[in-house]
Amino acid sequence: MKQKIVIDTDIGTDVDDAFALAYIIRNPDADLKAVSTVIGNTEIRAKIARKLERILQADIPIIAGQRGPEDSVKKFWTGIEQQALAPEELKEPFKNSEYPEYTPNTNLICIGPLTNIALQLQTSPSIKNVKNIYVMGASESSHNFKADLKAWHEVNQQPWNIYQITKHDSEKISIAKKELEELRINPLGNFLYESAIRWLNHVNNGWIDHTPKTSCAMYDVLTVSAGIGEDYVKFRQISENRFLSCDVSLDLKDKLMERIKCY
């Protein structure tokens with residue numbers, strides 16, 4: 001039986017969100033019910049998700065969610081996001097979808113700040129039916145938590161089984177520039193390559209005395225892999241309903257590259 005999934009993402013900035021969304025759409029064991037976007041201009045993020053879905057010939061409801069705290073928008077909205085879209089794609093109207101009805105066998109995967117999830121706890125009662133939530137982040141200093149710490153505290157108080165992916169484990173799965181070049185064999189690979197180079201150029205801009213970043217860590221790919229029930233990511237239980245990643249199989253990278261190349 002396919003695993004029902006709802007995914008919340010800040011796609012469009014760091015490229016790992018795009019890789020993660022492509023991976024889950026291409027996964028035959030995942031039943032993706034909806035995608036929601038968070039932080040900054042969430043309609044632009046939603047249009048990026050729509051563009052990726054079109055490349056993959058998928059039709060999944062997309063929700064442009066909450067803008068998030070203004071201080072986080074100033075820090076984490078880079079200005080490169082809209083460059084993923086052609087002028088006509090930027091101008092194209094976007095019709096927002098609605099959040100789905102959550103059932104107990106729906107896994108919630110959060111690869112962005114938790115703003116949308118905290119709001120749904122107030123406005124969408126069925127979200128409390130969820131039993132398992134998978135998040136990218138290990139502590140309050142993690143990007144997705146500190147970007148909206150209040151939202152993380154609200155989510156962390158819920159009785160869900162919360163599976164947290166650490167940065168340390170995520171960085172074991174990285175794609176180097178040379179490997180990115182190898183993806184340029186189909187529309188999906190081209191889109192991911194261009195998004196990755198745009199991100200690398202952004203993070204390296206202005207670096208003089210530091211070694212430039214030459215690879216992209218697949219943080220969010222680990223989160224979606226765990227959320228759809230794959231066994232690449234290993235967890236240790238740290239409390240009654242909290243689990244922390246402790247290792248990842250490098251086979252996940254091979255599977256990711258295979259799915260992109262076999263578009």
# chains A, B, ... in the order shown; residues from 1 in each chain; ligands from 1
call {"tool": "residues_around", "arguments": {"residues": "Glu101 of chain A", "least_positions_apart": "2", "cutoff": "10 Å", "atoms": "only C-alpha atoms", "output": "list in words"}}
result
Lys33, Glu98, Tyr99, Thr103, Thr106, Ser124, Pro125, Ser126, Ile127 and Asn129 of chain A
call {"tool": "select_by_dssp", "arguments": {"residues": "segment 51-263 of chain A", "states": "alpha helix (DSSP H)", "output": "number ranges by chain"}}
result
A: 51-55, 70-76, 87-91, 115-123, 143-146, 149-156, 167-170, 177-181, 187-204, 219-227, 251-261
call {"tool": "residues_around", "arguments": {"residues": "Glu43 of chain A", "least_positions_apart": "6", "cutoff": "10 Å", "atoms": "only C-alpha atoms", "output": "ChimeraX atom specification"}}
result
/A:36-37,49,62-67,90,93-96
call {"tool": "write_last_selection", "arguments": {"atoms": "N, CA and C atoms", "output": "compact mmCIF listing (two decimals), in the first residue's frame"}}
result
# COMPACT_ATOMS: atom_id res chain seq x y z
N SER A 36 2.60 22.06 0.29
CA SER A 36 2.40 23.44 0.72
C SER A 36 3.75 24.13 0.82
N THR A 37 3.74 25.44 0.61
CA THR A 37 4.99 26.21 0.62
C THR A 37 4.97 27.24 1.74
N ALA A 49 7.10 24.79 -7.44
CA ALA A 49 6.63 23.41 -7.24
C ALA A 49 5.76 22.98 -8.41
N ILE A 62 -1.39 22.09 -4.73
CA ILE A 62 -0.33 22.92 -4.17
C ILE A 62 -0.96 24.09 -3.42
N ILE A 63 -0.49 24.33 -2.21
CA ILE A 63 -0.98 25.40 -1.37
C ILE A 63 0.13 26.40 -1.12
N ALA A 64 -0.08 27.65 -1.51
CA ALA A 64 0.85 28.72 -1.15
C ALA A 64 0.50 29.13 0.28
N GLY A 65 1.38 28.80 1.21
CA GLY A 65 1.07 28.96 2.63
C GLY A 65 1.48 30.30 3.19
N GLN A 66 1.95 30.28 4.44
CA GLN A 66 2.20 31.49 5.22
C GLN A 66 3.55 32.12 4.90
N ARG A 67 3.58 33.45 4.93
CA ARG A 67 4.79 34.22 4.69
C ARG A 67 5.82 34.01 5.80
N LEU A 90 6.17 33.41 -14.19
CA LEU A 90 5.95 34.35 -13.09
C LEU A 90 4.61 35.05 -13.21
N PRO A 93 -1.30 33.13 -13.59
CA PRO A 93 -2.08 33.12 -12.35
C PRO A 93 -1.91 31.80 -11.59
N PHE A 94 -1.99 31.91 -10.28
CA PHE A 94 -1.89 30.71 -9.45
C PHE A 94 -3.17 30.56 -8.63
N LYS A 95 -3.81 29.40 -8.74
CA LYS A 95 -5.01 29.12 -7.97
C LYS A 95 -4.65 28.24 -6.78
N ASN A 96 -4.86 28.76 -5.60
CA ASN A 96 -4.47 28.04 -4.40
C ASN A 96 -5.40 26.85 -4.15
call {"tool": "closest_atom_pairs", "arguments": {"of": "segment 50-160 of chain A", "to": "segment 239-247 of chain A", "cutoff": "8 Å", "atoms": "only C-alpha atoms", "output": "JSON lines"}}
result
{"residue": "A:Ala138", "atom": "CA", "partner": "A:Leu244", "partner_atom": "CA", "distance": 7.3}
{"residue": "A:Pro159", "atom": "CA", "partner": "A:Asn241", "partner_atom": "CA", "distance": 7.4}
{"residue": "A:Trp160", "atom": "CA", "partner": "A:Asn241", "partner_atom": "CA", "distance": 6.8}
call {"tool": "write_last_selection", "arguments": {"atoms": "N, CA and C atoms", "output": "PDB file, in the first residue's frame"}}
result
ATOM      1  N   ALA A 138      17.502  19.259  14.150  1.00  0.00           N
ATOM      2  CA  ALA A 138      17.771  18.488  15.361  1.00  0.00           C
ATOM      3  C   ALA A 138      17.657  19.304  16.642  1.00  0.00           C
ATOM      4  N   PRO A 159       1.449  15.303  20.442  1.00  0.00           N
ATOM      5  CA  PRO A 159       1.743  13.906  20.785  1.00  0.00           C
ATOM      6  C   PRO A 159       2.182  13.056  19.594  1.00  0.00           C
ATOM      7  N   TRP A 160       2.498  13.688  18.482  1.00  0.00           N
ATOM      8  CA  TRP A 160       2.962  12.953  17.315  1.00  0.00           C
ATOM      9  C   TRP A 160       4.275  12.224  17.597  1.00  0.00           C
TER      10      TRP A 160
END
call {"tool": "atom_distance", "arguments": {"atom1": "atom CA of Val203 of chain A", "atom2": "atom CA of Lys47 of chain A"}}
result
22.8 Å
call {"tool": "closest_residue", "arguments": {"among": "A:Val155, A:Ile60, A:Leu52, A:Ala34", "to": "Tyr134 of chain A", "atoms": "only C-alpha atoms"}}
result
A:Val155
call {"tool": "closest_residue", "arguments": {"among": "A:Gln57, A:Ser72, A:Thr13, A:Asn186", "to": "Thr115 of chain A", "atoms": "only C-alpha atoms"}}
result
A:Ser72
call {"tool": "closest_residue", "arguments": {"among": "A:Val130, A:Leu200, A:Leu121, A:Ile165", "to": "Ala151 of chain A", "atoms": "only C-alpha atoms"}}
result
A:Leu121
call {"tool": "select_by_dssp", "arguments": {"residues": "segment 130-190 of chain A", "states": "strand (DSSP E or B)", "output": "list of chain:residue names"}}
result
A:Asn132, A:Ile133, A:Tyr134, A:Val135, A:Met136, A:Asn161, A:Ile162, A:Tyr163, A:Gln164, A:Ile165, A:Ser174, A:Ile175, A:Ala176
call {"tool": "write_last_selection", "arguments": {"atoms": "N, CA and C atoms", "output": "PDB file, in the first residue's frame"}}
result
ATOM      1  N   ASN A 132       2.619  10.424  12.585  1.00  0.00           N
ATOM      2  CA  ASN A 132       4.063  10.546  12.353  1.00  0.00           C
ATOM      3  C   ASN A 132       4.374  11.808  11.572  1.00  0.00           C
ATOM      4  N   ILE A 133       5.339  12.567  12.063  1.00  0.00           N
ATOM      5  CA  ILE A 133       5.800  13.768  11.374  1.00  0.00           C
ATOM      6  C   ILE A 133       7.320  13.696  11.256  1.00  0.00           C
ATOM      7  N   TYR A 134       7.823  14.036  10.092  1.00  0.00           N
ATOM      8  CA  TYR A 134       9.256  13.968   9.795  1.00  0.00           C
ATOM      9  C   TYR A 134       9.744  15.383   9.525  1.00  0.00           C
ATOM     10  N   VAL A 135      10.772  15.811  10.250  1.00  0.00           N
ATOM     11  CA  VAL A 135      11.245  17.186  10.145  1.00  0.00           C
ATOM     12  C   VAL A 135      12.754  17.206   9.911  1.00  0.00           C
ATOM     13  N   MET A 136      13.192  18.217   9.161  1.00  0.00           N
ATOM     14  CA  MET A 136      14.620  18.443   8.958  1.00  0.00           C
ATOM     15  C   MET A 136      15.091  19.399  10.035  1.00  0.00           C
ATOM     16  N   ASN A 161       4.527  11.168  16.836  1.00  0.00           N
ATOM     17  CA  ASN A 161       5.878  10.618  16.753  1.00  0.00           C
ATOM     18  C   ASN A 161       6.667  11.551  15.833  1.00  0.00           C
ATOM     19  N   ILE A 162       7.670  12.209  16.367  1.00  0.00           N
ATOM     20  CA  ILE A 162       8.442  13.172  15.582  1.00  0.00           C
ATOM     21  C   ILE A 162       9.819  12.589  15.280  1.00  0.00           C
ATOM     22  N   TYR A 163      10.085  12.447  13.983  1.00  0.00           N
ATOM     23  CA  TYR A 163      11.360  11.929  13.508  1.00  0.00           C
ATOM     24  C   TYR A 163      12.183  13.102  12.992  1.00  0.00           C
ATOM     25  N   GLN A 164      13.348  13.329  13.601  1.00  0.00           N
ATOM     26  CA  GLN A 164      14.185  14.470  13.269  1.00  0.00           C
ATOM     27  C   GLN A 164      15.454  14.023  12.542  1.00  0.00           C
ATOM     28  N   ILE A 165      15.758  14.732  11.457  1.00  0.00           N
ATOM     29  CA  ILE A 165      16.934  14.429  10.652  1.00  0.00           C
ATOM     30  C   ILE A 165      18.027  15.438  10.981  1.00  0.00           C
ATOM     31  N   SER A 174      25.713  14.141  -0.464  1.00  0.00           N
ATOM     32  CA  SER A 174      25.925  15.399  -1.170  1.00  0.00           C
ATOM     33  C   SER A 174      26.194  15.108  -2.639  1.00  0.00           C
ATOM     34  N   ILE A 175      25.850  16.079  -3.481  1.00  0.00           N
ATOM     35  CA  ILE A 175      26.071  15.947  -4.919  1.00  0.00           C
ATOM     36  C   ILE A 175      27.045  17.031  -5.354  1.00  0.00           C
ATOM     37  N   ALA A 176      28.177  16.613  -5.879  1.00  0.00           N
ATOM     38  CA  ALA A 176      29.222  17.535  -6.312  1.00  0.00           C
ATOM     39  C   ALA A 176      28.901  18.131  -7.683  1.00  0.00           C
TER      40      ALA A 176
END
call {"tool": "closest_residue", "arguments": {"among": "A:Ile173, A:Ile111, A:Ile117, A:Ile24", "to": "Asp254 of chain A", "atoms": "only C-alpha atoms"}}
result
A:Ile173
